[in-house]
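*Asks:* One structure, as structure tokens, below. Some questions next.
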Amino acid sequence: MNISEKDGNVILSGVKCLDIPLCLDCGQAFRFSERADGGFHGVAFGEILDVKKTDQGYIFEHTDINKFEKIWRPYFDLDRDYEKICASFDDEKLKKAVKEFYGIRILRQEPWEALCSFIISQNNNIPRIKGIVRRLCETFGERIGENDYSFPDCETIAARSVEELAPLRAGFRAKYIIDAAQKVSSGEVKLSSLGEMPIEEARSELMKIKGVGAKVAECTLLYGVGKMNAFPVDVWVKRIMAEMYPDGLPECTKGVEGIAQQYLFHWRRRSKEFVKNDEEAASAVGSRGA
């Protein structure tokens, strides 16, 4: 991996098994959008990022080496050997998913943002999730730059009422967002300690929150805490398991079930192999609902 700084930007090259557009557009994060030039723009950890692929590598704008090392290196999980992990998948269906969408990595998001975002994701689709998250940030976050906003902290949301969240158009999820904020800000749910807990204990900790079931808990643990053995099951993954793995995932995924899930999820909802014969998939592409 080569990291250099030039003209106020950071250039990343030499990373195997990394496709940043795939990472940002495969249903695990909701604050990035594609630009007209094929790059991506978004916000994470209160920092703006524009990133695009060039002949030199990936250009990270609005950052420097220090910010890159502190935020973007862990965010894109650059120190994990995904090439080795993907090569270890000896299941034919999983190998097809990896081959078609090679380069997906699990984003290491801020735990509170991941928890809140996946509460919003319940019975929802990606465009609507993005809209609610955007309105949440514009309404309660802090302005950064000209048109971007930070993700509001749990203390800010804990002090709000369901009525005050009405402009988000989050529906029944508003009361769950507030309950999560109150329990996290009070310390009743120990969000900062989840990484140190066994996954069963961490799952139970999150499920103290109203409206947080197994799917939201697993998403928070995978995308916000970095537990690669977390295995979120939504409508797409249920379909995958019924169609392909009725007896459970193959042994080669043990310990990295979350990575396998992300490849299979994206493959099942995007691959022409399925969409061409699946009108429901074609009309619902992007769904990440429960």
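Chain labels follow the order of the structure tokens: the first chain is A, the next B, and so on; residue numbering restarts at 1 in every chain, and ligands are counted from 1 in their shown order.
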Could you list, as a PyMOL selection string, every residue within 12 Å of A:Gly171, counting only C-alpha atoms and ignoring same-chain residues fewer than 4 positions away?
*Replies:* chain A and resi 119-124+128-129+132+162-163+165-167+175-177
*Asks:* Write the selection just made, keeping C-alpha atoms, as a short mmCIF file (atom, residue, chain, number, x, y, z; two decimals), in the first residue's frame?
*Replies:*
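See again_0.cif below for the written result:
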data_model
loop_
_atom_site.label_atom_id
_atom_site.label_comp_id
_atom_site.auth_asym_id
_atom_site.auth_seq_id
_atom_site.Cartn_x
_atom_site.Cartn_y
_atom_site.Cartn_z
CA ILE A 119 -32.79 1.67 12.76
CA ILE A 120 -33.90 3.92 9.91
CA SER A 121 -33.29 1.08 7.42
CA GLN A 122 -36.07 -1.11 8.84
CA ASN A 123 -38.68 -1.95 6.19
CA ASN A 124 -37.10 0.65 3.97
CA ARG A 128 -35.53 6.55 1.34
CA ILE A 129 -32.92 5.66 3.99
CA ILE A 132 -34.13 10.36 6.10
CA VAL A 162 -41.06 12.45 18.40
CA GLU A 163 -42.84 15.59 17.19
CA LEU A 165 -38.37 14.48 14.46
CA ALA A 166 -41.48 14.75 12.26
CA PRO A 167 -39.66 16.71 9.49
CA LYS A 175 -39.52 6.77 18.56
CA TYR A 176 -36.85 4.09 18.14
CA ILE A 177 -34.22 6.68 17.17
#
*Asks:* So which bits of stretch 13-199 of chain A end up strand (DSSP E) when you DSSP the backbone, as a PyMOL selection string?
*Replies:* chain A and resi 13+32-34+40-44+47-54+57-61+143-144+148-149
*Asks:* Identify, on the basis of only C-alpha atoms, every residue whose closest approach to A:Glu257 does not exceed 10 Å; exclude the query and any residue fewer than 6 positions from it along the same chain; express the result as a PDB file with C-alpha atoms, in the first residue's frame.
*Replies:*
ATOM      1  CA  LEU A 222     -20.603  -5.388  11.505  1.00  0.00           C
ATOM      2  CA  LYS A 227     -17.174  -7.616  14.203  1.00  0.00           C
ATOM      3  CA  MET A 228     -16.612  -9.567  11.000  1.00  0.00           C
ATOM      4  CA  ASN A 229     -18.490 -12.585  12.329  1.00  0.00           C
ATOM      5  CA  ALA A 230     -21.728 -10.573  12.559  1.00  0.00           C
ATOM      6  CA  PHE A 231     -24.263 -11.764   9.984  1.00  0.00           C
ATOM      7  CA  PRO A 232     -27.144  -9.377   9.183  1.00  0.00           C
ATOM      8  CA  LEU A 249     -23.089 -20.864   5.196  1.00  0.00           C
ATOM      9  CA  PRO A 250     -20.100 -22.991   4.146  1.00  0.00           C
ATOM     10  CA  GLU A 251     -17.279 -23.607   6.602  1.00  0.00           C
TER      11      GLU A 251
END
*Asks:* Could you list, as a list in words, every residue within 8 Å of A:Ile59, counting only C-alpha atoms and ignoring same-chain residues fewer than 2 positions away?
*Replies:*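 Returned residues: Asn9, Val10, Ile11, Leu12, Val51, Lys52, Lys53, Thr54, Gln56, Gly57 and Glu61 of chain A.
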*Asks:* Neighbours of stretch 71-83 of chain A within 7 Å (only C-alpha atoms; same-chain residues fewer than 4 positions away dropped), as a list in words?
*Replies:*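 The neighbour list is Lys16, Cys17, Lys67, Ala87, Arg105, Ile106, Leu107, Arg108 and Gln109 of chain A.
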*Asks:* Keeping only N, CA, C and O atoms, write those residues as a PDB file, in the first residue's frame.
*Replies:*
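Wrote selection.pdb, looks like this:
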ATOM      1  N   LYS A  16      -4.649  -4.182  -2.893  1.00  0.00           N
ATOM      2  CA  LYS A  16      -5.359  -5.241  -3.592  1.00  0.00           C
ATOM      3  C   LYS A  16      -6.745  -5.424  -2.983  1.00  0.00           C
ATOM      4  O   LYS A  16      -6.955  -5.191  -1.809  1.00  0.00           O
ATOM      5  N   CYS A  17      -7.654  -5.862  -3.809  1.00  0.00           N
ATOM      6  CA  CYS A  17      -9.033  -6.100  -3.379  1.00  0.00           C
ATOM      7  C   CYS A  17      -9.640  -4.845  -2.758  1.00  0.00           C
ATOM      8  O   CYS A  17     -10.064  -4.839  -1.609  1.00  0.00           O
ATOM      9  N   LYS A  67      -5.079  13.055   8.660  1.00  0.00           N
ATOM     10  CA  LYS A  67      -6.508  12.712   8.659  1.00  0.00           C
ATOM     11  C   LYS A  67      -6.745  11.369   7.975  1.00  0.00           C
ATOM     12  O   LYS A  67      -7.592  10.588   8.397  1.00  0.00           O
ATOM     13  N   ALA A  87      -9.676 -15.204  -1.288  1.00  0.00           N
ATOM     14  CA  ALA A  87      -9.072 -16.409  -1.871  1.00  0.00           C
ATOM     15  C   ALA A  87      -9.412 -17.657  -1.069  1.00  0.00           C
ATOM     16  O   ALA A  87      -9.386 -18.773  -1.603  1.00  0.00           O
ATOM     17  N   ARG A 105     -15.179  -3.978   0.587  1.00  0.00           N
ATOM     18  CA  ARG A 105     -14.665  -4.085   1.948  1.00  0.00           C
ATOM     19  C   ARG A 105     -15.751  -3.608   2.906  1.00  0.00           C
ATOM     20  O   ARG A 105     -16.639  -2.852   2.525  1.00  0.00           O
ATOM     21  N   ILE A 106     -15.657  -4.042   4.151  1.00  0.00           N
ATOM     22  CA  ILE A 106     -16.610  -3.601   5.164  1.00  0.00           C
ATOM     23  C   ILE A 106     -16.154  -2.256   5.715  1.00  0.00           C
ATOM     24  O   ILE A 106     -15.042  -2.134   6.252  1.00  0.00           O
ATOM     25  N   LEU A 107     -16.994  -1.240   5.576  1.00  0.00           N
ATOM     26  CA  LEU A 107     -16.666   0.092   6.077  1.00  0.00           C
ATOM     27  C   LEU A 107     -16.762   0.112   7.593  1.00  0.00           C
ATOM     28  O   LEU A 107     -17.729  -0.390   8.170  1.00  0.00           O
ATOM     29  N   ARG A 108     -15.784   0.722   8.244  1.00  0.00           N
ATOM     30  CA  ARG A 108     -15.798   0.839   9.699  1.00  0.00           C
ATOM     31  C   ARG A 108     -16.363   2.211  10.060  1.00  0.00           C
ATOM     32  O   ARG A 108     -15.643   3.213  10.139  1.00  0.00           O
ATOM     33  N   GLN A 109     -17.676   2.254  10.262  1.00  0.00           N
ATOM     34  CA  GLN A 109     -18.366   3.510  10.502  1.00  0.00           C
ATOM     35  C   GLN A 109     -18.415   3.847  11.987  1.00  0.00           C
ATOM     36  O   GLN A 109     -18.136   3.014  12.840  1.00  0.00           O
TER      37      GLN A 109
END
*Asks:* Could you pull out the helix (DSSP H, G or I) residues of stretch 121-242 of chain A from DSSP and send them as a ChimeraX atom specification?
*Replies:* /A:126-140,154-158,163-168,173-186,191-196,199-206,214-224,235-242
*Asks:* Could you tell me how far atom CA of A:Asp19 lies from atom CA of A:Ser33, in Å and to one decimal?
*Replies:*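 So the answer is 15.0 Å.
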*Asks:* Between atom CA of A:Ala159 and atom CA of A:Asp179, what is the distance, to one decimal in Å?
*Replies:*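 According to the coordinates, atom CA of A:Ala159 and atom CA of A:Asp179 are separated by 10.4 Å.
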*Asks:* Counting only C-alpha atoms, which residues of stretch 213-273 of chain A sit at most 9 Å from some atom of stretch 199-206 of chain A, and what is each one's closest atom pair with its distance in Å to one decimal, listed by chain and rising residue number, as JSON lines?
*Replies:*
{"residue": "A:Gly213", "atom": "CA", "partner": "A:Leu206", "partner_atom": "CA", "distance": 8.3}
{"residue": "A:Ala214", "atom": "CA", "partner": "A:Arg203", "partner_atom": "CA", "distance": 7.4}
{"residue": "A:Val216", "atom": "CA", "partner": "A:Leu206", "partner_atom": "CA", "distance": 8.6}
{"residue": "A:Ala217", "atom": "CA", "partner": "A:Arg203", "partner_atom": "CA", "distance": 5.7}
{"residue": "A:Glu218", "atom": "CA", "partner": "A:Arg203", "partner_atom": "CA", "distance": 7.0}
{"residue": "A:Thr220", "atom": "CA", "partner": "A:Leu206", "partner_atom": "CA", "distance": 8.5}
{"residue": "A:Leu221", "atom": "CA", "partner": "A:Arg203", "partner_atom": "CA", "distance": 7.7}
{"residue": "A:Lys227", "atom": "CA", "partner": "A:Ile199", "partner_atom": "CA", "distance": 7.7}
{"residue": "A:Asn229", "atom": "CA", "partner": "A:Ile199", "partner_atom": "CA", "distance": 8.1}
{"residue": "A:Ala230", "atom": "CA", "partner": "A:Ile199", "partner_atom": "CA", "distance": 7.5}
*Asks:* What does the file look like for those residues with N, CA, C and O atoms, as an mmCIF file, in the first residue's frame?
*Replies:*
data_model
loop_
_atom_site.group_PDB
_atom_site.id
_atom_site.type_symbol
_atom_site.label_atom_id
_atom_site.label_comp_id
_atom_site.auth_asym_id
_atom_site.auth_seq_id
_atom_site.Cartn_x
_atom_site.Cartn_y
_atom_site.Cartn_z
ATOM 1 N N GLY A 213 -33.944 -5.222 16.673
ATOM 2 C CA GLY A 213 -33.948 -6.676 16.661
ATOM 3 C C GLY A 213 -32.620 -7.203 16.174
ATOM 4 O O GLY A 213 -31.626 -6.478 16.098
ATOM 5 N N ALA A 214 -32.617 -8.463 15.787
ATOM 6 C CA ALA A 214 -31.364 -9.117 15.411
ATOM 7 C C ALA A 214 -30.710 -8.458 14.197
ATOM 8 O O ALA A 214 -29.491 -8.278 14.166
ATOM 9 N N VAL A 216 -30.876 -5.272 12.944
ATOM 10 C CA VAL A 216 -30.254 -3.978 13.237
ATOM 11 C C VAL A 216 -29.037 -4.159 14.135
ATOM 12 O O VAL A 216 -28.002 -3.505 13.937
ATOM 13 N N ALA A 217 -29.137 -5.062 15.102
ATOM 14 C CA ALA A 217 -27.997 -5.315 15.986
ATOM 15 C C ALA A 217 -26.808 -5.848 15.193
ATOM 16 O O ALA A 217 -25.667 -5.390 15.369
ATOM 17 N N GLU A 218 -27.055 -6.811 14.308
ATOM 18 C CA GLU A 218 -25.961 -7.386 13.519
ATOM 19 C C GLU A 218 -25.343 -6.350 12.585
ATOM 20 O O GLU A 218 -24.118 -6.305 12.416
ATOM 21 N N THR A 220 -25.203 -3.110 13.085
ATOM 22 C CA THR A 220 -24.411 -2.200 13.918
ATOM 23 C C THR A 220 -23.081 -2.836 14.292
ATOM 24 O O THR A 220 -22.028 -2.184 14.239
ATOM 25 N N LEU A 221 -23.111 -4.105 14.631
ATOM 26 C CA LEU A 221 -21.887 -4.794 15.035
ATOM 27 C C LEU A 221 -20.922 -4.976 13.864
ATOM 28 O O LEU A 221 -19.702 -4.882 14.037
ATOM 29 N N LYS A 227 -17.124 -6.182 13.890
ATOM 30 C CA LYS A 227 -17.174 -7.616 14.203
ATOM 31 C C LYS A 227 -17.488 -8.370 12.908
ATOM 32 O O LYS A 227 -18.638 -8.438 12.473
ATOM 33 N N ASN A 229 -17.664 -11.383 12.224
ATOM 34 C CA ASN A 229 -18.490 -12.585 12.329
ATOM 35 C C ASN A 229 -19.971 -12.257 12.506
ATOM 36 O O ASN A 229 -20.791 -13.156 12.627
ATOM 37 N N ALA A 230 -20.313 -10.960 12.522
ATOM 38 C CA ALA A 230 -21.728 -10.573 12.559
ATOM 39 C C ALA A 230 -22.349 -10.900 11.202
ATOM 40 O O ALA A 230 -21.699 -10.788 10.159
#
